[in-house]
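**Q** My structure is below; once you've seen it, I'll send some questions.
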Amino acid sequence: MLHQPISVQAPIVTLNVTSEAASSERRFDRSLTLPSLKERLEPLTGVPTASMKLTAFTANGERVCALDDDSKMLGYYPLSDYMRLHVEDTNPHKTAGMYTDLSLVEKYEMPTAEYEKRQDSVLAFKQRNKLGRFAASESTPSNESEEFREEASKIQVGDRCKVETEQEGGLAKLGTVRFVGKTQFKPGYWVGVEYDEPVGKHDGTCQSKHGAFVRPNKLTIGDFPEEDLLGEEEI
């Protein structure tokens, strides 16, 4: 004679608990009574036990049953692992979105003056480390407009100069200072140089390709004879 196998439920069931404001995976003992289960669900969902409505769904969203008999244990209901246990708040006087709408929460806003005095704030951290908008505070437009002023004060229009090239091993360029001051294309002080040879980038008032603007710290003032490109070699 054949006997039908007896199905034995595991003492623990894993359920996905959901509510208006929460969602989490939890394990429950099937021997819990519904009132005990609701006490455990209240801190998870924020729903008071007195107004809880429990409904079980499959993982695919199909309704299984309502857990509505407080005299029964959790194991009484046909629940299996990873089903969803939805907790609904049936309180008719509850405020819509009271668990999810942050605009309903009264917030404390610290006065700006008090916040700026704190040394443990994000603002203080950025100020100390020159981050964000404070990174540019050291190079304000007013400071940039005066950049290289001291070096430029030692240069006069008409001075002979030698301009060092940025390329390592490159030849220095000789020329004459034609301008010293501020320009419109970049802040700070610049020097306009007319080179002896056509090695410049601009024309300006110079011969073609003889002009260039350089920073005052890139040239040396001195007695540099003008190169005679048309002269003949000595015999």
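For the structure tokens, the naming scheme is as follows: chains receive sequential letters (A, B, ...) according to their order of presentation, residues are indexed from 1 within each chain, and ligands are indexed from 1 in presentation order.
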Residues of range 65-164 of chain A that approach range 178-197 of chain A to 9 Å or less, counting only C-alpha atoms: could you list each one with the shortest pair of atoms and its distance in Å to one decimal, rows by chain and increasing residue number, as CSV?

**A**
residue,atom,partner,partner_atom,distance
A:Pro141,CA,A:Pro187,CA,8.0
A:Asn143,CA,A:Gly188,CA,8.4
A:Glu144,CA,A:Gly188,CA,5.7
A:Ser145,CA,A:Gly188,CA,4.2
A:Glu146,CA,A:Gly188,CA,5.1
A:Glu147,CA,A:Gly188,CA,4.5
A:Phe148,CA,A:Tyr189,CA,5.6
A:Arg149,CA,A:Tyr189,CA,5.9
A:Glu151,CA,A:Tyr189,CA,8.7
A:Ala152,CA,A:Tyr189,CA,6.6
A:Ser153,CA,A:Val180,CA,8.5
A:Ile155,CA,A:Val180,CA,7.2
A:Gln156,CA,A:Val180,CA,7.0
A:Val157,CA,A:Arg178,CA,5.2
A:Gly158,CA,A:Arg178,CA,6.1
A:Asp159,CA,A:Arg178,CA,8.2
A:Cys161,CA,A:Val193,CA,8.3
A:Val163,CA,A:Val193,CA,8.8

**Q** From a DSSP pass on the backbone, collect the residues of range 97-196 of chain A flagged as alpha helix (DSSP H) and hand them back as a VMD selection string.

**A** chain A and resid 112 to 117 122 to 129 141 to 144 149 to 152

**Q** Hey, which of A:Phe224, A:Phe57, A:Phe125, A:Phe213 ends up closest to Tyr82 in chain A? Count only C-alpha atoms.

**A**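 Under the stated criterion, the closest residue is A:Phe57.
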
**Q** So which one's closest to Ala21 in chain A, A:Asp89, A:Leu74, A:Asp68, A:Met83? Using only C-alpha atoms, please.

**A**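 Of the candidates, the smallest distance to Ala21 in chain A is held by A:Asp89.
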
**Q** Tell me which of A:Gly175, A:Pro198, A:Pro43, A:Gly211 sits closest to Glu226 in chain A, counting only C-alpha atoms.

**A**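 Result for the nearest residue to Glu226 in chain A: A:Gly175.
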
**Q** From the set A:Glu62, A:Asp81, A:Asp29, A:Asp69, which residue has the shortest atom-to-atom contact distance to Asn16 in chain A, counting only C-alpha atoms?

**A** A:Asp81

**Q** At what distance in Å, to one decimal, does CA of Lys218 in chain A lie from CA of Glu164 in chain A?

**A**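 If I compute the distance from CA of Glu164 in chain A to CA of Lys218 in chain A, I get 6.2 Å.
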
**Q** Quick one: of A:Ala124, A:Val47, A:Leu32, A:Val177, who's nearest to Val13 in chain A, counting only C-alpha atoms?

**A** A:Leu32

**Q** Calculate how many Å separate CA of Leu54 in chain A from CA of Ser19 in chain A, rounding to one decimal.

**A**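 Interatomic distance, CA of Leu54 in chain A to CA of Ser19 in chain A: 9.9 Å.
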